[in-house]
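Colleague: See work_30.txt below, with compact mmCIF, C-alpha atoms.
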```txt
# COMPACT_ATOMS: atom_id res chain seq x y z
CA MET U 269 0.00 0.00 0.00
CA PRO U 270 1.57 3.33 -1.02
CA GLN U 271 2.55 5.66 1.78
CA THR U 272 1.58 9.30 1.80
CA GLU U 273 4.22 11.98 2.21
CA THR U 274 4.64 13.45 5.65
CA PRO U 275 4.04 17.21 6.10
CA ASP U 276 7.78 17.77 6.56
CA ILE U 277 8.56 16.11 3.23
CA GLU U 278 5.82 18.06 1.51
CA ALA U 279 7.14 21.29 3.02
CA ALA U 280 10.66 20.43 1.91
CA SER U 281 9.45 19.79 -1.63
CA ARG U 282 7.64 23.13 -1.67
CA THR U 283 10.71 25.03 -0.51
CA ARG U 284 13.29 23.15 -2.58
CA LEU U 285 16.06 25.54 -3.51
CA ARG U 286 18.11 25.80 -6.67
CA TRP U 287 21.26 27.82 -7.19
CA TRP U 288 19.91 29.43 -10.36
CA THR U 289 17.08 30.98 -8.33
CA GLU U 290 19.13 31.78 -5.24
CA LEU U 291 21.96 33.59 -7.01
CA PRO U 292 19.76 36.20 -8.74
CA LEU U 293 17.87 36.77 -5.48
CA ILE U 294 21.07 37.41 -3.51
CA LEU U 295 22.47 39.65 -6.26
CA LEU U 296 19.21 41.60 -6.37
CA VAL U 297 19.23 42.22 -2.62
CA TYR U 298 22.89 43.23 -2.68
CA ALA U 299 22.27 45.56 -5.63
CA CYS U 300 19.38 47.19 -3.75
CA TYR U 301 21.59 47.50 -0.69
CA SER U 302 24.45 49.10 -2.64
CA ALA U 303 22.13 51.45 -4.53
CA GLY U 304 20.35 52.38 -1.32
CA ARG U 305 23.66 53.28 0.34
CA LEU U 306 24.40 55.69 -2.50
CA LEU U 307 20.95 57.25 -2.40
CA ALA U 308 21.01 57.62 1.40
CA ARG U 309 23.99 59.96 1.55
CA GLY U 310 22.23 62.54 3.67
CA ASP U 311 23.53 65.95 4.62
CA VAL U 312 27.23 66.07 5.52
CA SER U 313 26.76 68.49 8.40
CA SER U 314 24.04 66.26 9.89
CA ALA U 315 26.29 63.23 9.49
CA VAL U 316 29.10 65.03 11.33
CA ASP U 317 26.73 66.07 14.11
CA HIS U 318 25.55 62.48 14.52
CA GLY U 319 29.13 61.26 14.68
CA LEU U 320 30.09 63.80 17.34
CA THR U 321 26.99 62.93 19.35
CA ILE U 322 27.95 59.26 19.33
CA LEU U 323 31.47 60.16 20.39
CA ARG U 324 30.19 62.27 23.29
CA VAL U 325 27.90 59.47 24.46
CA GLU U 326 30.80 57.01 24.35
CA LYS U 327 33.02 59.31 26.38
CA PHE U 328 30.27 59.76 28.92
CA LEU U 329 29.90 55.97 29.18
CA HIS U 330 33.70 55.45 29.06
CA VAL U 331 33.40 53.02 26.12
CA ASN U 332 35.32 55.01 23.48
CA ALA U 333 37.73 52.15 22.76
CA GLU U 334 38.31 53.40 19.20
CA HIS U 335 40.76 56.10 20.39
CA PRO U 336 43.45 53.81 21.88
CA LEU U 337 42.97 51.22 19.13
CA ASN U 338 43.39 53.81 16.41
CA ARG U 339 46.58 55.12 18.00
CA LEU U 340 47.94 51.56 18.13
CA PHE U 341 47.07 50.83 14.48
CA THR U 342 48.57 54.15 13.40
CA ARG U 343 51.82 53.61 15.29
CA GLU U 344 52.37 49.92 14.45
CA ALA U 345 52.29 49.24 10.72
CA TRP U 346 52.53 45.48 11.27
CA ILE U 347 49.11 45.71 12.91
CA GLY U 348 47.59 48.51 10.85
CA VAL U 349 48.33 47.12 7.39
CA PRO U 350 46.82 43.63 7.98
CA ALA U 351 43.87 45.33 9.66
CA ASP U 352 43.26 47.43 6.56
CA PHE U 353 43.35 44.34 4.35
CA TRP U 354 40.97 42.62 6.77
CA TYR U 355 38.52 45.53 6.58
CA ALA U 356 38.75 45.97 2.81
CA SER U 357 38.35 42.32 1.76
CA LEU U 358 36.98 39.79 4.25
CA HIS U 359 33.60 41.48 4.52
CA TYR U 360 33.05 40.67 0.83
CA LEU U 361 34.68 37.22 0.81
CA VAL U 362 33.79 35.40 4.02
CA THR U 363 30.06 36.10 3.97
CA PRO U 364 29.47 34.73 0.44
CA ALA U 365 31.72 31.76 1.25
CA ILE U 366 29.58 30.93 4.30
CA LEU U 367 26.41 31.23 2.20
CA ILE U 368 27.81 28.83 -0.42
CA TRP U 369 28.93 26.38 2.29
CA LEU U 370 25.47 26.39 3.85
CA PHE U 371 23.80 25.91 0.48
CA ARG U 372 25.99 22.95 -0.42
CA SER U 373 26.44 21.22 2.93
CA ARG U 374 23.69 22.45 5.27
CA LYS U 375 20.84 23.03 2.85
CA GLN U 376 18.16 22.36 5.46
CA HIS U 377 19.40 25.44 7.35
CA TYR U 378 20.25 27.62 4.37
CA ARG U 379 16.90 29.32 3.76
CA ALA U 380 16.51 30.51 7.35
CA ALA U 381 20.12 31.73 7.45
CA ARG U 382 19.83 33.55 4.14
CA THR U 383 16.55 35.19 5.16
CA TRP U 384 18.09 36.34 8.44
CA LEU U 385 21.06 37.90 6.66
CA MET U 386 18.95 39.65 4.03
CA THR U 387 16.40 40.96 6.51
CA SER U 388 19.13 42.42 8.72
CA THR U 389 20.92 43.95 5.73
CA LEU U 390 17.79 45.77 4.59
CA MET U 391 17.26 46.99 8.16
CA GLY U 392 20.80 48.34 8.11
CA LEU U 393 19.94 50.28 4.96
CA ILE U 394 17.08 51.90 6.85
CA GLY U 395 19.57 52.91 9.53
CA PHE U 396 21.89 54.50 6.96
CA THR U 397 18.94 56.46 5.58
CA LEU U 398 17.57 57.70 8.89
CA LEU U 399 20.88 58.32 10.63
CA PRO U 400 23.73 59.22 8.26
CA THR U 401 26.84 59.19 10.42
CA CYS U 402 30.32 60.51 9.84
CA PRO U 403 32.91 57.84 10.75
CA PRO U 404 35.76 58.79 13.11
CA ARG U 405 38.32 58.98 10.28
CA LEU U 406 36.38 61.82 8.60
CA LEU U 407 36.14 64.00 11.71
CA SER U 408 38.47 66.97 11.96
CA ALA U 409 42.01 66.20 13.10
CA GLY U 410 41.34 67.83 16.45
CA HIS U 411 39.30 64.81 17.53
CA GLY U 412 42.42 62.64 17.45
CA PHE U 413 41.63 60.08 14.75
CA VAL U 414 43.85 59.00 11.84
CA ASP U 415 42.53 57.29 8.71
CA THR U 416 44.79 54.22 8.66
CA MET U 417 43.57 53.20 5.20
CA ALA U 418 44.76 56.52 3.83
CA GLN U 419 48.01 56.23 5.81
CA TYR U 420 48.74 52.74 4.46
CA SER U 421 47.12 53.16 1.02
CA SER U 422 50.39 52.38 -0.73
CA TYR U 423 50.12 48.79 0.53
CA GLY U 424 46.71 48.04 -0.98
CA TRP U 425 44.20 48.87 -3.69
CA TRP U 426 42.28 51.43 -1.65
CA GLY U 427 42.82 55.16 -1.46
CA SER U 428 41.60 57.77 0.98
CA GLU U 429 37.92 56.87 0.56
CA ALA U 430 37.37 53.87 2.82
CA SER U 431 37.83 50.45 1.21
CA ALA U 432 36.80 51.54 -2.29
CA PRO U 433 39.48 51.02 -4.96
CA ARG U 434 41.34 54.13 -6.00
CA GLY U 435 39.25 56.32 -8.25
CA MET U 436 35.97 54.64 -7.25
CA GLY U 437 35.23 56.58 -4.10
CA GLY U 438 32.11 58.02 -5.70
CA MET U 439 30.63 54.51 -5.76
CA THR U 440 30.39 54.30 -1.98
CA ASN U 441 28.64 56.19 0.79
CA GLN U 442 31.25 57.15 3.35
CA TYR U 443 28.61 58.31 5.83
CA ALA U 444 26.95 54.91 6.19
CA ALA U 445 28.60 54.13 9.51
CA MET U 446 25.58 53.45 11.74
CA PRO U 447 24.99 50.53 12.10
CA SER U 448 28.20 48.67 11.27
CA LEU U 449 27.25 45.85 8.92
CA HIS U 450 30.90 44.82 8.88
CA VAL U 451 30.30 43.74 12.46
CA GLY U 452 26.76 42.52 11.76
CA TRP U 453 27.76 40.26 8.88
CA ALA U 454 30.77 38.98 10.82
CA LEU U 455 28.48 38.10 13.72
CA TRP U 456 26.18 36.22 11.34
CA CYS U 457 29.16 34.29 9.99
CA GLY U 458 30.27 33.47 13.52
CA VAL U 459 26.83 32.12 14.47
CA MET U 460 26.71 29.96 11.34
CA LEU U 461 30.15 28.52 12.01
CA TRP U 462 29.36 27.88 15.67
CA ARG U 463 26.01 26.21 15.02
CA TYR U 464 26.82 24.16 11.94
CA GLY U 465 30.59 23.77 11.94
CA ARG U 466 31.72 20.34 13.08
CA THR U 467 35.39 20.93 13.79
CA PRO U 468 37.24 22.72 16.59
CA ALA U 469 38.70 25.08 13.99
CA ALA U 470 35.20 26.16 12.98
CA LYS U 471 34.33 26.91 16.60
CA VAL U 472 37.49 28.98 17.03
CA ALA U 473 36.79 30.90 13.81
CA ALA U 474 33.23 31.49 14.98
CA VAL U 475 34.57 33.47 17.94
CA VAL U 476 37.69 35.03 16.42
CA TYR U 477 36.19 36.39 13.21
CA PRO U 478 33.48 38.69 14.65
CA LEU U 479 35.70 39.69 17.58
CA VAL U 480 38.66 40.69 15.38
CA THR U 481 36.33 42.43 12.92
CA THR U 482 34.93 44.56 15.75
CA ILE U 483 38.46 45.55 16.79
CA VAL U 484 39.45 46.26 13.18
CA VAL U 485 36.54 48.57 12.37
CA MET U 486 37.38 50.69 15.42
CA GLY U 487 41.16 50.61 15.07
CA THR U 488 40.99 51.71 11.42
CA ALA U 489 38.69 54.59 12.48
CA ASN U 490 35.88 53.41 10.22
CA HIS U 491 33.34 52.90 13.01
CA TYR U 492 32.58 53.87 16.58
CA PHE U 493 32.06 51.28 19.27
CA LEU U 494 28.34 52.08 19.30
CA ASP U 495 28.22 51.42 15.55
CA ALA U 496 29.39 47.89 16.31
CA VAL U 497 26.78 47.54 19.06
CA ALA U 498 24.09 48.74 16.65
CA GLY U 499 25.27 46.24 14.04
CA ALA U 500 24.85 43.40 16.53
CA ALA U 501 21.43 44.75 17.55
CA VAL U 502 20.26 44.86 13.94
CA MET U 503 21.25 41.23 13.51
CA GLY U 504 19.32 40.35 16.65
CA VAL U 505 16.15 42.02 15.39
CA GLY U 506 16.65 40.43 11.98
CA LEU U 507 16.88 37.01 13.62
CA MET U 508 13.50 37.55 15.29
CA LEU U 509 11.87 38.83 12.10
CA ALA U 510 13.24 36.12 9.79
CA PRO U 511 10.52 33.52 10.61
CA LEU U 512 7.82 36.11 9.89
CA VAL U 513 9.47 36.99 6.60
CA MET U 514 9.65 33.32 5.58
CA ARG U 515 6.00 32.71 6.46
CA GLY U 516 5.00 35.77 4.47
CA ALA U 517 7.03 34.56 1.50
CA ASP U 518 5.42 31.11 1.74
CA ARG U 519 1.92 32.61 1.82
CA ALA U 520 2.71 34.84 -1.15
CA LYS U 521 4.10 31.88 -3.08
CA ALA U 522 1.07 29.72 -2.25
CA GLY U 523 -1.30 32.51 -3.28
CA PHE U 524 0.56 32.98 -6.54
CA ALA U 525 0.44 29.24 -7.28
CA THR U 526 -3.29 29.07 -6.46
CA ARG U 527 -4.11 32.06 -8.61
CA PHE U 528 -2.40 30.73 -11.71
CA ALA U 529 -3.14 27.01 -11.23
CA PRO U 530 -5.67 25.43 -13.66
CA ALA U 531 -9.23 24.89 -12.40
CA PRO U 532 -10.02 21.33 -11.17
CA GLU U 533 -12.52 20.72 -14.02
CA SER U 534 -10.03 21.90 -16.61
CA ALA U 535 -7.32 19.70 -15.12
CA ALA U 536 -9.65 16.66 -15.19
CA VAL U 537 -10.64 17.31 -18.83
CA ALA U 538 -7.01 17.77 -19.82
CA SER U 539 -6.08 14.51 -18.10
CA ARG U 540 -8.92 12.62 -19.82
CA ASP U 541 -8.03 14.06 -23.21
CA ALA U 542 -4.39 13.14 -22.72
CA HIS U 543 -5.40 9.57 -21.78
CA ALA U 544 -7.63 9.30 -24.84
CA SER U 545 -4.87 10.51 -27.13
CA ILE U 546 -2.50 7.90 -25.73
CA VAL U 547 -5.07 5.14 -26.37
CA SER U 548 -5.74 6.42 -29.89
CA ALA U 549 -2.04 6.27 -30.61
CA GLY U 550 -2.12 2.56 -29.81
CA CYS U 551 -4.50 -0.02 -31.18
CA GLN U 552 -8.01 1.39 -30.66
CA THR U 553 -10.70 -0.65 -32.47
CA SER U 554 -14.06 0.30 -33.91
CA THR U 555 -17.38 -1.09 -32.67
CA GLY U 556 -17.70 -4.82 -33.36
CA GLU U 557 -14.13 -5.17 -34.59
CA ARG U 558 -11.95 -7.80 -32.98
CA ILE U 559 -8.21 -8.04 -32.80
CA PRO U 560 -6.86 -11.11 -34.66
CA ARG U 561 -6.51 -14.24 -32.49
CA GLN U 562 -8.57 -12.54 -29.75
CA ARG U 563 -9.87 -14.99 -27.18
CA ASP U 564 -13.58 -15.78 -27.34
CA ALA U 565 -15.25 -17.69 -24.56
CA ARG U 566 -17.74 -19.24 -27.02
CA PHE U 567 -15.07 -20.96 -29.05
CA GLY U 568 -12.49 -21.83 -26.37
CA SER U 569 -9.07 -20.47 -25.61
CA GLY U 570 -7.10 -19.46 -28.68
CA ALA U 571 -9.99 -20.08 -31.14
CA GLU U 572 -11.07 -17.45 -33.59
CA PRO U 573 -14.68 -16.71 -34.42
CA GLY U 574 -15.99 -18.77 -37.30
CA ALA U 575 -13.62 -21.69 -36.67
CA SER U 576 -15.17 -25.10 -36.21
CA PRO U 577 -14.82 -26.91 -32.91
CA THR U 578 -12.44 -29.31 -34.60
CA ASP U 579 -10.16 -26.56 -35.74
CA ALA U 580 -7.15 -25.45 -33.73
CA GLY U 581 -7.47 -22.00 -35.20
CA ASP U 582 -5.44 -22.60 -38.40
CA GLY U 583 -7.97 -24.65 -40.36
CA ALA U 584 -6.30 -27.96 -39.68
CA PRO U 585 -8.45 -30.80 -38.19
CA ALA U 586 -7.97 -31.25 -34.51
CA PRO U 587 -6.21 -34.43 -33.57
CA ALA U 588 -8.34 -37.22 -32.20
CA ARG U 589 -8.78 -37.07 -28.45
```
When written as structure tokens, how does the structure in this file appear?
Modeller:
Amino acid sequence: MPQTETPDIEAASRTRLRWWTELPLILLVYACYSAGRLLARGDVSSAVDHGLTILRVEKFLHVNAEHPLNRLFTREAWIGVPADFWYASLHYLVTPAILIWLFRSRKQHYRAARTWLMTSTLMGLIGFTLLPTCPPRLLSAGHGFVDTMAQYSSYGWWGSEASAPRGMGGMTNQYAAMPSLHVGWALWCGVMLWRYGRTPAAKVAAVVYPLVTTIVVMGTANHYFLDAVAGAAVMGVGLMLAPLVMRGADRAKAGFATRFAPAPESAAVASRDAHASIVSAGCQTSTGERIPRQRDARFGSGAEPGASPTDAGDGAPAPAR
């Protein structure tokens, strides 16, 4: 007796993922994120005011760790140069690598992880729009910050405009500091490695990567400490919203499928017509016509109509019994 599929199997079949649908989706979200950063430049004077306000709050709370870290990175090139490479590259390499690893090896967890990352990223874009913030490196020199990426630009591909390659500074929004998605994405990567990594090295990387990234964004004067806190908070809210986003996507997909699915009567007619065409393509007979050598109960097994009882079906007399 055939077994029916369990609800979990049916759900898995409905949400089956393919790379040729996932890749355009991820690229679309990233393109919206990048375009939104450019559109949400805001007023420079407002961005500077927001940055100074954050700095004052940090000093009041005694959490302005970016000052001593920036002095260390500026003084010690053997720390500052690797930190600049870390900031300029790993943000764009590690996160896609973790996504690909989840898709290939932990596919049952991939959709939830991808939805969490995308939801948090779009929330970060809202933060850039509502609160354009000048990073420490762009404050006046009197505030004691040095742009290490400008100081060590001869070692890498970047110039004086954050991590953008030389001559492409106009393609980035330098006042998108709050929240720090460098920290947010690194935290997401750390959680994925901790939860789904199976080796001690994965567990170590899960802790080291977001921790070092947080130190790097402050030491290079690209973010305040509170930017990093806000990045972690955005990821936390995104984690809570991800199940709602997935349920909404499932309902939208089900509604779309129902709207464009054929009516039950039409499906039944189409099935019957298809069955009839298959029969017609075979050996359909007209009324009263019989297939040669067809069995007939009146004449015995193997006898043809019209044959005498003494015939074996080929006209020859039956042997004496």
Colleague: Can you tell me how far atom CA of U:Ser388 sits from atom CA of U:Tyr464, in Å to one decimal?
Modeller: 20.1 Å
Colleague: At a cut-off of 12 Å, using all atoms listed in the file, what residues contact U:Ala445? Leave out same-chain residues fewer than 2 positions from it and give the result as an MDAnalysis selection string.
Modeller: chainID U and resid 305 308:309 315:316 318:319 322 392:393 395:406 430 440:443 447:452 485:486 489:499
Colleague: Using only C-alpha atoms, which residues sit within 10 Å of U:Leu509 once same-chain residues fewer than 6 positions away are excluded, as a list in words?
Modeller: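 Surrounding residues, per the criterion: Thr383, Trp384, Thr387, Ser388 and Met503 of chain U.
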Colleague: Provide the atom CA of U:Gly458 to atom CA of U:Leu329 distance in Å, to one decimal place.
Modeller: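 The value is 27.4 Å.
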Colleague: Atom CA of U:Leu361 to atom CA of U:Tyr477: how many Å, to one decimal?
Modeller: 12.5 Å
Colleague: Around all the atoms of stretch 456-468 of chain U listed in the file, with 6 Å of room on each side, what axis-aligned box do you get, giving centre and edge lengths in Å to one decimal, as lines of an AutoDock Vina configuration file?
Modeller:
```
center_x = 31.6
center_y = 28.3
center_z = 13.3
size_x = 23.2
size_y = 27.9
size_z = 18.6
```
Colleague: So, with only C-alpha atoms as the atoms that count, which of U:Tyr420, U:Trp369, U:Tyr360, U:Phe413 lies closest to U:Ile347?
Modeller: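 Nearest candidate to U:Ile347 out of U:Tyr420, U:Trp369, U:Tyr360, U:Phe413: U:Tyr420.
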Colleague: From the set U:Phe524, U:Phe341, U:Trp453, U:Tyr423, which residue has the shortest atom-to-atom contact distance to U:Leu385, counting only C-alpha atoms?
Modeller: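 Between U:Phe524, U:Phe341, U:Trp453, U:Tyr423, the residue approaching U:Leu385 most closely is U:Trp453.
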Colleague: Using all atoms listed in the file for the distances, tell me which of U:Thr342, U:Thr416, U:Ser373, U:Thr363 is nearest to U:Gly465.
Modeller: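 Result for the nearest residue to U:Gly465: U:Ser373.
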Colleague: Please identify every residue of stretch 309-391 of chain U that has at least one atom no farther than 12 Å from an atom of stretch 408-411 of chain U, counting only C-alpha atoms, and for each give the shortest atom pair and the distance in Å to one decimal, arranged by chain then increasing number, as a tab-separated table.
Modeller:
```
residue	atom	partner	partner_atom	distance
U:Val316	CA	U:Ser408	CA	9.6
U:Asp317	CA	U:Ser408	CA	12.0
U:Gly319	CA	U:His411	CA	11.1
U:Leu320	CA	U:His411	CA	9.3
U:Leu323	CA	U:His411	CA	9.5
U:Arg324	CA	U:His411	CA	11.1
U:Glu334	CA	U:His411	CA	11.6
U:His335	CA	U:His411	CA	9.3
U:Asn338	CA	U:His411	CA	11.8
```
